[in-house]
file data_1.json (JSON, C-alpha atoms)
[["chain", "number", "residue", "atom", "x", "y", "z"],
["A", 1, "MET", "CA", -16.13, 57.12, -2.59],
["A", 2, "GLY", "CA", -15.58, 53.56, -1.31],
["A", 3, "GLN", "CA", -18.01, 51.70, 0.92],
["A", 4, "ASP", "CA", -17.76, 51.99, 4.69],
["A", 5, "TYR", "CA", -17.15, 48.49, 6.09],
["A", 6, "TYR", "CA", -17.77, 49.74, 9.62],
["A", 7, "SER", "CA", -21.22, 51.01, 8.65],
["A", 8, "VAL", "CA", -21.96, 47.69, 6.94],
["A", 9, "LEU", "CA", -21.33, 45.87, 10.24],
["A", 10, "GLN", "CA", -22.97, 48.68, 12.21],
["A", 11, "ILE", "CA", -19.94, 49.26, 14.43],
["A", 12, "THR", "CA", -17.52, 52.12, 15.09],
["A", 13, "ARG", "CA", -13.94, 52.47, 13.89],
["A", 14, "ASN", "CA", -12.53, 51.80, 17.36],
["A", 15, "SER", "CA", -14.44, 48.50, 17.73],
["A", 16, "GLU", "CA", -12.42, 45.59, 19.09],
["A", 17, "ASP", "CA", -12.12, 42.13, 17.59],
["A", 18, "THR", "CA", -14.87, 40.65, 19.78],
["A", 19, "GLN", "CA", -17.28, 43.41, 18.77],
["A", 20, "ILE", "CA", -16.53, 42.77, 15.09],
["A", 21, "LYS", "CA", -17.24, 39.05, 15.51],
["A", 22, "ASN", "CA", -20.47, 39.69, 17.43],
["A", 23, "ALA", "CA", -21.66, 42.15, 14.79],
["A", 24, "TYR", "CA", -20.95, 39.71, 11.96],
["A", 25, "ARG", "CA", -22.68, 36.87, 13.79],
["A", 26, "LYS", "CA", -25.83, 38.90, 14.37],
["A", 27, "LEU", "CA", -26.08, 40.38, 10.87],
["A", 28, "ALA", "CA", -25.07, 37.20, 9.03],
["A", 29, "LEU", "CA", -27.81, 35.19, 10.73],
["A", 30, "LYS", "CA", -30.35, 37.95, 10.19],
["A", 31, "ASN", "CA", -29.60, 38.45, 6.48],
["A", 32, "HIS", "CA", -28.84, 34.89, 5.41],
["A", 33, "PRO", "CA", -30.99, 34.06, 2.34],
["A", 34, "LEU", "CA", -32.49, 31.09, 4.21],
["A", 35, "ARG", "CA", -33.60, 33.41, 6.99],
["A", 36, "SER", "CA", -34.60, 36.65, 5.29],
["A", 37, "THR", "CA", -37.30, 37.08, 2.65],
["A", 38, "GLU", "CA", -36.09, 40.56, 1.67],
["A", 39, "THR", "CA", -34.99, 40.87, -1.96],
["A", 40, "SER", "CA", -31.87, 42.74, -0.83],
["A", 41, "ALA", "CA", -30.84, 40.04, 1.65],
["A", 42, "ALA", "CA", -28.44, 38.24, -0.70],
["A", 43, "GLU", "CA", -26.49, 41.41, -1.51],
["A", 44, "ALA", "CA", -26.49, 42.49, 2.14],
["A", 45, "PHE", "CA", -25.24, 39.04, 3.13],
["A", 46, "ARG", "CA", -22.38, 39.36, 0.62],
["A", 47, "GLN", "CA", -21.43, 42.87, 1.82],
["A", 48, "ILE", "CA", -21.46, 41.73, 5.45],
["A", 49, "ALA", "CA", -19.14, 38.84, 4.57],
["A", 50, "GLU", "CA", -16.71, 41.10, 2.71],
["A", 51, "ALA", "CA", -16.70, 43.65, 5.54],
["A", 52, "TYR", "CA", -15.95, 40.94, 8.08],
["A", 53, "ASP", "CA", -13.26, 39.41, 5.84],
["A", 54, "VAL", "CA", -11.45, 42.76, 5.84],
["A", 55, "LEU", "CA", -12.01, 44.02, 9.38],
["A", 56, "SER", "CA", -11.25, 40.68, 11.06],
["A", 57, "ASP", "CA", -7.77, 40.65, 9.48],
["A", 58, "PRO", "CA", -5.35, 43.09, 11.21],
["A", 59, "VAL", "CA", -3.30, 43.70, 8.05],
["A", 60, "LYS", "CA", -6.28, 44.34, 5.79],
["A", 61, "ARG", "CA", -7.96, 46.47, 8.41],
["A", 62, "GLY", "CA", -4.84, 48.58, 8.93],
["A", 63, "ILE", "CA", -4.55, 49.27, 5.19],
["A", 64, "TYR", "CA", -8.27, 50.02, 4.92],
["A", 65, "ASP", "CA", -8.14, 52.44, 7.86],
["A", 66, "LYS", "CA", -5.23, 54.31, 6.29],
["A", 67, "PHE", "CA", -6.02, 54.22, 2.57],
["A", 68, "GLY", "CA", -9.75, 53.41, 2.39],
["A", 69, "GLU", "CA", -11.37, 50.90, 0.05],
["A", 70, "GLU", "CA", -9.63, 52.38, -2.99],
["A", 71, "GLY", "CA", -6.19, 51.88, -1.48],
["A", 72, "LEU", "CA", -7.08, 48.42, -0.18],
["A", 73, "LYS", "CA", -8.32, 47.13, -3.52],
["A", 74, "GLY", "CA", -6.02, 49.15, -5.75],
["A", 75, "GLY", "CA", -2.79, 48.33, -3.90],
["A", 76, "ILE", "CA", -0.54, 50.45, -1.77],
["A", 77, "PRO", "CA", 1.48, 53.19, -3.52],
["A", 78, "LEU", "CA", 5.13, 52.27, -4.01],
["A", 79, "GLU", "CA", 6.36, 54.84, -1.51],
["A", 80, "PHE", "CA", 4.45, 53.01, 1.22],
["A", 81, "GLY", "CA", 5.33, 49.50, 0.13],
["A", 82, "SER", "CA", 8.18, 49.07, 2.60],
["A", 83, "GLN", "CA", 5.88, 49.71, 5.55],
["A", 84, "THR", "CA", 3.62, 46.67, 5.09],
["A", 85, "PRO", "CA", 3.76, 43.24, 3.47],
["A", 86, "TRP", "CA", 0.56, 44.02, 1.56],
["A", 87, "THR", "CA", 1.72, 45.05, -1.93],
["A", 88, "THR", "CA", -1.13, 43.93, -4.17],
["A", 89, "GLY", "CA", -4.78, 44.90, -4.27],
["A", 90, "TYR", "CA", -7.31, 43.03, -2.16],
["A", 91, "VAL", "CA", -9.99, 41.05, -3.99],
["A", 92, "PHE", "CA", -12.90, 39.47, -2.09],
["A", 93, "HIS", "CA", -13.36, 35.87, -3.19],
["A", 94, "GLY", "CA", -17.08, 36.51, -3.65],
["A", 95, "ASN", "CA", -18.34, 33.55, -1.62],
["A", 96, "PRO", "CA", -20.17, 34.76, 1.50],
["A", 97, "GLU", "CA", -21.16, 31.19, 2.37],
["A", 98, "LYS", "CA", -17.46, 30.33, 2.74],
["A", 99, "VAL", "CA", -17.03, 33.11, 5.30],
["A", 100, "PHE", "CA", -20.21, 31.98, 7.08],
["A", 101, "HIS", "CA", -19.13, 28.33, 7.30],
["A", 102, "GLU", "CA", -15.60, 29.19, 8.43],
["A", 103, "PHE", "CA", -17.00, 31.45, 11.15],
["A", 104, "PHE", "CA", -19.55, 29.01, 12.56],
["A", 105, "GLY", "CA", -17.60, 25.80, 11.83],
["A", 106, "GLY", "CA", -18.71, 22.55, 10.21],
["A", 107, "ASP", "CA", -19.53, 21.67, 6.64],
["A", 108, "ASN", "CA", -22.99, 23.22, 6.81],
["A", 109, "PRO", "CA", -23.58, 24.86, 10.18],
["A", 110, "PHE", "CA", -26.81, 26.47, 9.05],
["A", 111, "ASN", "CA", -28.49, 23.06, 9.23],
["A", 112, "GLU", "CA", -28.53, 23.62, 12.98],
["A", 113, "PHE", "CA", -31.04, 26.45, 12.48],
["A", 114, "PHE", "CA", -33.15, 25.45, 9.46],
["A", 115, "ASP", "CA", -34.63, 22.31, 7.90],
["A", 116, "ALA", "CA", -34.24, 21.26, 4.24],
["A", 117, "GLU", "CA", -37.03, 23.66, 3.15],
["A", 118, "GLY", "CA", -35.44, 26.61, 4.93],
["A", 119, "ASN", "CA", -37.98, 26.65, 7.78],
["A", 120, "GLU", "CA", -36.69, 27.59, 11.20],
["A", 121, "VAL", "CA", -36.28, 24.64, 13.55],
["A", 122, "ASP", "CA", -38.03, 24.88, 16.91],
["A", 123, "LEU", "CA", -35.17, 24.74, 19.43],
["A", 124, "ASN", "CA", -37.44, 25.08, 22.50],
["A", 125, "PHE", "CA", -35.51, 28.16, 23.67],
["A", 126, "GLY", "CA", -36.96, 30.85, 21.46],
["A", 127, "GLY", "CA", -36.00, 29.42, 18.07],
["A", 128, "LEU", "CA", -32.98, 30.80, 16.24],
["A", 129, "TRP", "CA", -32.48, 33.67, 18.63],
["A", 130, "GLY", "CA", -32.51, 31.53, 21.77],
["A", 131, "ARG", "CA", -29.71, 29.36, 23.10],
["A", 132, "GLY", "CA", -30.94, 26.22, 21.36],
["A", 133, "VAL", "CA", -30.75, 22.56, 22.32],
["A", 134, "LYS", "CA", -27.30, 21.10, 21.85],
["A", 135, "LYS", "CA", -27.08, 17.82, 19.99],
["A", 136, "GLN", "CA", -24.17, 15.43, 19.73],
["A", 137, "ASP", "CA", -22.71, 14.49, 16.38],
["A", 138, "PRO", "CA", -22.70, 10.75, 15.54],
["A", 139, "PRO", "CA", -19.56, 8.81, 16.59],
["A", 140, "ILE", "CA", -16.53, 8.88, 14.29],
["A", 141, "GLU", "CA", -15.17, 5.34, 13.86],
["A", 142, "ARG", "CA", -11.66, 4.55, 12.60],
["A", 143, "ASP", "CA", -9.83, 1.22, 12.20],
["A", 144, "LEU", "CA", -6.71, 0.67, 14.30],
["A", 145, "TYR", "CA", -4.50, -1.99, 12.71],
["A", 146, "LEU", "CA", -2.23, -3.79, 15.18],
["A", 147, "SER", "CA", 0.28, -6.58, 14.71],
["A", 148, "LEU", "CA", 0.04, -9.85, 16.63],
["A", 149, "GLU", "CA", 3.13, -8.76, 18.58],
["A", 150, "ASP", "CA", 1.37, -5.52, 19.58],
["A", 151, "LEU", "CA", -1.57, -7.52, 20.91],
["A", 152, "PHE", "CA", 0.67, -10.10, 22.63],
["A", 153, "PHE", "CA", 3.00, -7.74, 24.47],
["A", 154, "GLY", "CA", 0.90, -4.59, 24.59],
["A", 155, "CYS", "CA", 2.18, -1.22, 23.36],
["A", 156, "THR", "CA", 1.43, 2.48, 23.15],
["A", 157, "LYS", "CA", 0.11, 4.06, 19.97],
["A", 158, "LYS", "CA", -0.03, 7.81, 19.36],
["A", 159, "ILE", "CA", -2.47, 8.99, 16.71],
["A", 160, "LYS", "CA", -2.79, 12.54, 15.39],
["A", 161, "ILE", "CA", -6.27, 13.83, 14.59],
["A", 162, "SER", "CA", -7.39, 17.18, 13.15],
["A", 163, "ARG", "CA", -10.58, 18.77, 14.43],
["A", 164, "ARG", "CA", -12.35, 22.11, 14.69],
["A", 165, "VAL", "CA", -11.88, 23.84, 18.04],
["A", 166, "LEU", "CA", -14.00, 26.77, 19.22],
["A", 167, "ASN", "CA", -12.22, 30.07, 19.60],
["A", 168, "GLU", "CA", -12.54, 32.24, 22.69],
["A", 169, "ASP", "CA", -15.51, 34.12, 21.22],
["A", 170, "GLY", "CA", -17.56, 30.91, 21.44],
["A", 171, "TYR", "CA", -18.76, 31.12, 17.84],
["A", 172, "SER", "CA", -15.89, 30.87, 15.35],
["A", 173, "SER", "CA", -13.57, 27.87, 15.17],
["A", 174, "THR", "CA", -10.08, 26.90, 14.05],
["A", 175, "ILE", "CA", -8.74, 23.57, 12.79],
["A", 176, "LYS", "CA", -6.13, 22.23, 15.20],
["A", 177, "ASP", "CA", -4.22, 18.97, 15.57],
["A", 178, "LYS", "CA", -4.30, 16.81, 18.69],
["A", 179, "ILE", "CA", -2.38, 13.66, 19.67],
["A", 180, "LEU", "CA", -4.47, 10.82, 21.12],
["A", 181, "THR", "CA", -2.64, 8.13, 23.11],
["A", 182, "ILE", "CA", -3.87, 4.52, 23.12],
["A", 183, "ASP", "CA", -2.39, 2.08, 25.66],
["A", 184, "VAL", "CA", -2.86, -1.32, 24.02],
["A", 185, "LYS", "CA", -3.33, -4.04, 26.65],
["A", 186, "PRO", "CA", -1.91, -7.57, 26.14],
["A", 187, "GLY", "CA", -4.60, -9.95, 24.94],
["A", 188, "TRP", "CA", -6.88, -7.42, 23.25],
["A", 189, "ARG", "CA", -8.91, -9.03, 20.47],
["A", 190, "GLN", "CA", -10.01, -7.85, 17.07],
["A", 191, "GLY", "CA", -13.10, -5.70, 17.46],
["A", 192, "THR", "CA", -11.99, -4.08, 20.73],
["A", 193, "ARG", "CA", -13.30, -0.51, 20.76],
["A", 194, "ILE", "CA", -11.38, 2.40, 22.28],
["A", 195, "THR", "CA", -13.52, 5.51, 22.79],
["A", 196, "PHE", "CA", -12.31, 9.08, 23.21],
["A", 197, "GLU", "CA", -15.33, 11.01, 24.37],
["A", 198, "LYS", "CA", -16.18, 14.35, 22.72],
["A", 199, "GLU", "CA", -12.96, 14.64, 20.70],
["A", 200, "GLY", "CA", -14.76, 15.47, 17.42],
["A", 201, "ASP", "CA", -15.39, 18.89, 15.87],
["A", 202, "GLN", "CA", -16.58, 21.60, 18.23],
["A", 203, "GLY", "CA", -19.36, 24.03, 17.34],
["A", 204, "PRO", "CA", -21.53, 26.65, 19.06],
["A", 205, "ASN", "CA", -24.62, 24.44, 19.16],
["A", 206, "ILE", "CA", -23.27, 20.89, 19.07],
["A", 207, "ILE", "CA", -21.73, 18.38, 21.44],
["A", 208, "PRO", "CA", -18.54, 17.04, 19.85],
["A", 209, "ALA", "CA", -18.72, 13.50, 18.54],
["A", 210, "ASP", "CA", -16.98, 10.62, 20.26],
["A", 211, "VAL", "CA", -13.96, 9.30, 18.36],
["A", 212, "ILE", "CA", -13.83, 5.47, 18.39],
["A", 213, "PHE", "CA", -10.94, 3.29, 17.27],
["A", 214, "ILE", "CA", -11.72, -0.35, 16.42],
["A", 215, "VAL", "CA", -8.91, -2.90, 16.68],
["A", 216, "LYS", "CA", -8.09, -4.83, 13.49],
["A", 217, "GLU", "CA", -5.48, -7.63, 13.54],
["A", 218, "LYS", "CA", -2.81, -7.59, 10.86],
["A", 219, "LEU", "CA", -2.02, -10.90, 9.15],
["A", 220, "HIS", "CA", 0.97, -12.65, 10.69],
["A", 221, "PRO", "CA", 3.54, -14.61, 8.66],
["A", 222, "ARG", "CA", 3.73, -17.54, 11.15],
["A", 223, "PHE", "CA", 0.66, -17.60, 13.36],
["A", 224, "ARG", "CA", -3.09, -17.49, 13.12],
["A", 225, "ARG", "CA", -5.09, -16.44, 16.14],
["A", 226, "GLU", "CA", -8.36, -18.01, 17.23],
["A", 227, "ASN", "CA", -9.67, -16.36, 20.40],
["A", 228, "ASP", "CA", -6.88, -16.84, 22.98],
["A", 229, "ASN", "CA", -5.04, -19.55, 21.03],
["A", 230, "LEU", "CA", -2.26, -19.20, 18.49],
["A", 231, "PHE", "CA", -2.00, -21.77, 15.70],
["A", 232, "PHE", "CA", 1.20, -22.43, 13.80],
["A", 233, "VAL", "CA", 0.85, -23.88, 10.31],
["A", 234, "ASN", "CA", 3.87, -25.64, 8.80],
["A", 235, "SER", "CA", 4.47, -27.77, 5.71],
["A", 236, "ILE", "CA", 6.02, -31.21, 6.41],
["A", 237, "PRO", "CA", 7.74, -33.38, 3.78],
["A", 238, "LEU", "CA", 6.01, -36.69, 3.09],
["A", 239, "GLY", "CA", 8.85, -38.75, 4.58],
["A", 240, "LYS", "CA", 8.75, -36.93, 7.90],
["A", 241, "ALA", "CA", 4.95, -36.95, 7.95],
["A", 242, "LEU", "CA", 5.00, -40.77, 7.81],
["A", 243, "THR", "CA", 7.86, -41.39, 10.24],
["A", 244, "CYS", "CA", 7.16, -38.65, 12.79],
["A", 245, "CYS", "CA", 9.42, -35.66, 13.32],
["A", 246, "THR", "CA", 10.09, -32.53, 15.34],
["A", 247, "VAL", "CA", 8.87, -29.10, 14.25],
["A", 248, "GLU", "CA", 10.71, -25.97, 15.32],
["A", 249, "VAL", "CA", 8.41, -23.11, 16.30],
["A", 250, "LYS", "CA", 9.73, -19.61, 16.98],
["A", 251, "THR", "CA", 7.36, -17.95, 19.41],
["A", 252, "LEU", "CA", 6.30, -14.33, 19.50],
["A", 253, "ASP", "CA", 8.79, -13.69, 22.33],
["A", 254, "ASP", "CA", 11.61, -15.20, 20.24],
["A", 255, "ARG", "CA", 11.88, -18.52, 22.06],
["A", 256, "LEU", "CA", 12.51, -21.61, 19.94],
["A", 257, "LEU", "CA", 10.26, -24.57, 20.75],
["A", 258, "ASN", "CA", 10.78, -28.10, 19.46],
["A", 259, "ILE", "CA", 7.35, -29.65, 19.05],
["A", 260, "PRO", "CA", 7.43, -33.45, 18.62],
["A", 261, "ILE", "CA", 5.00, -34.90, 16.09],
["A", 262, "ASN", "CA", 4.58, -38.52, 17.26],
["A", 263, "ASP", "CA", 1.56, -39.46, 15.15],
["A", 264, "ILE", "CA", 1.38, -39.94, 11.41],
["A", 265, "VAL", "CA", 0.25, -36.70, 9.76],
["A", 266, "HIS", "CA", -2.59, -37.63, 7.44],
["A", 267, "SER", "CA", -2.74, -36.05, 4.03],
["A", 268, "PRO", "CA", -5.03, -33.00, 3.76],
["A", 269, "PRO", "CA", -7.22, -32.40, 0.69],
["A", 270, "ALA", "CA", -5.31, -32.42, -2.61],
["A", 271, "SER", "CA", -5.57, -28.65, -2.93],
["A", 272, "HIS", "CA", -3.57, -28.14, 0.29],
["A", 273, "PRO", "CA", 0.04, -29.00, 1.16],
["A", 274, "ARG", "CA", 0.74, -31.46, 3.94],
["A", 275, "ARG", "CA", 0.81, -29.55, 7.15],
["A", 276, "SER", "CA", 0.91, -29.76, 10.91],
["A", 277, "ARG", "CA", -1.17, -27.54, 13.14],
["A", 278, "CYS", "CA", -0.17, -27.11, 16.75],
["A", 279, "CYS", "CA", -1.15, -24.72, 19.48],
["A", 280, "ALA", "CA", 2.04, -22.82, 20.28],
["A", 281, "ARG", "CA", 0.97, -20.68, 23.24],
["A", 282, "ARG", "CA", -2.06, -19.05, 24.75],
["A", 283, "CYS", "CA", -2.15, -15.32, 24.03]]
call {"tool": "encode", "arguments": {"input": "data_1.json", "output": "structure tokens"}}
result
Amino acid sequence: MGQDYYSVLQITRNSEDTQIKNAYRKLALKNHPLRSTETSAAEAFRQIAEAYDVLSDPVKRGIYDKFGEEGLKGGIPLEFGSQTPWTTGYVFHGNPEKVFHEFFGGDNPFNEFFDAEGNEVDLNFGGLWGRGVKKQDPPIERDLYLSLEDLFFGCTKKIKISRRVLNEDGYSSTIKDKILTIDVKPGWRQGTRITFEKEGDQGPNIIPADVIFIVKEKLHPRFRRENDNLFFVNSIPLGKALTCCTVEVKTLDDRLLNIPINDIVHSPPASHPRRSRCCARRC
């Protein structure tokens, strides 16, 4: 006779989804190997994970309710195959920690309850079984590369991020995408920081991290920026450097400026071409 997943989670067959989640949460925390010293804890923890993996999935649960564990794991008889998309036997992946982490969210959510030696952390509200003290994850910093034109005119950038979002039960989480909008203001400099508060991963006992974008200037083919000044570097033939000349400068807003060079352009070091540097426009 197959095992009774409902008995494993200590619930009834007519339990609703929220009751299944609450039962798993309670028993998983109680029987986790870092929490329990019982020799049977590891096996109980695995059985609890498998029971939750089946009963939290409507398709698997429906097959289990109708055909039992034997039918679930052995596959549905051919005469019933047209009634459900489940045509092969169910096999538990055997990793209860995977179920635990997916339920609570984060790479290692159990760190919120225990230290490196497995000792329970004092959360000032009754330890593991209290509400706990929420802590905020460290900021997540990302570079935002912008062209000189973006910083001159201003623009709008839309950036997609993926993060864990708490489900309605307040314990489990789902990875979802979100679009963040950045309104770039004219004149922003490299190093400008744009902060989106609490847009990081959500969890039952954490405050989501702030997401921070840091402006990085892309190299420009014609100009170099120094603070609020733009410098245009141009090679000048020797003849024009000695007799003066006019240099055409195409600005960022596509105007064409004729910059007169009335002084002799002295030769730079041998390793550099002759050049003229002029301030084209304040950013």
call {"tool": "residues_around", "arguments": {"input": "data_1.json", "residues": "Ala51 of chain A", "least_positions_apart": "5", "cutoff": "9 Å", "atoms": "only C-alpha atoms", "output": "PyMOL selection string"}}
result
chain A and resi 4-6+8-9+24+46+56
call {"tool": "residues_around", "arguments": {"input": "data_1.json", "residues": "segment 213-226 of chain A", "least_positions_apart": "6", "cutoff": "9 Å", "atoms": "only C-alpha atoms", "output": "list of chain:residue names"}}
result
A:Ile140, A:Glu141, A:Arg142, A:Asp143, A:Leu144, A:Tyr145, A:Leu146, A:Ser147, A:Leu148, A:Leu151, A:Trp188, A:Arg189, A:Gln190, A:Gly191, A:Thr192, A:Arg193, A:Ile194, A:Thr195, A:Phe196, A:Phe232, A:Val233, A:Asn234, A:Val249, A:Lys250, A:Leu252, A:Ala280, A:Cys283
call {"tool": "atom_distance", "arguments": {"input": "data_1.json", "atom1": "atom CA of Gly2 of chain A", "atom2": "atom CA of Leu27 of chain A"}}
result
20.8 Å
call {"tool": "residues_around", "arguments": {"input": "data_1.json", "residues": "Ile207 of chain A", "least_positions_apart": "6", "cutoff": "12 Å", "atoms": "all atoms listed in the file", "output": "list in words"}}
result
Val133, Lys134, Lys135, Gln136, Asp137, Pro138, Pro139, Val165, Leu166, Glu197, Lys198, Glu199, Gly200 and Asp201 of chain A
call {"tool": "atom_distance", "arguments": {"input": "data_1.json", "atom1": "atom CA of Pro96 of chain A", "atom2": "atom CA of Ala49 of chain A"}}
result
5.2 Å
call {"tool": "atom_distance", "arguments": {"input": "data_1.json", "atom1": "atom CA of Ser15 of chain A", "atom2": "atom CA of Lys176 of chain A"}}
result
27.7 Å
call {"tool": "closest_residue", "arguments": {"input": "data_1.json", "among": "A:Val91, A:Ala28, A:Cys244, A:Leu230", "to": "Gly71 of chain A", "atoms": "all atoms listed in the file"}}
result
A:Val91
call {"tool": "closest_residue", "arguments": {"input": "data_1.json", "among": "A:Asp65, A:Phe100, A:Asn262, A:Leu72", "to": "Pro33 of chain A", "atoms": "all atoms listed in the file"}}
result
A:Phe100
call {"tool": "closest_residue", "arguments": {"input": "data_1.json", "among": "A:Thr37, A:Ser7, A:Phe45, A:Lys26", "to": "Lys98 of chain A", "atoms": "only C-alpha atoms"}}
result
A:Phe45
call {"tool": "closest_residue", "arguments": {"input": "data_1.json", "among": "A:Gly203, A:Lys178, A:Asp150, A:Lys185", "to": "Asp253 of chain A", "atoms": "only C-alpha atoms"}}
result
A:Asp150
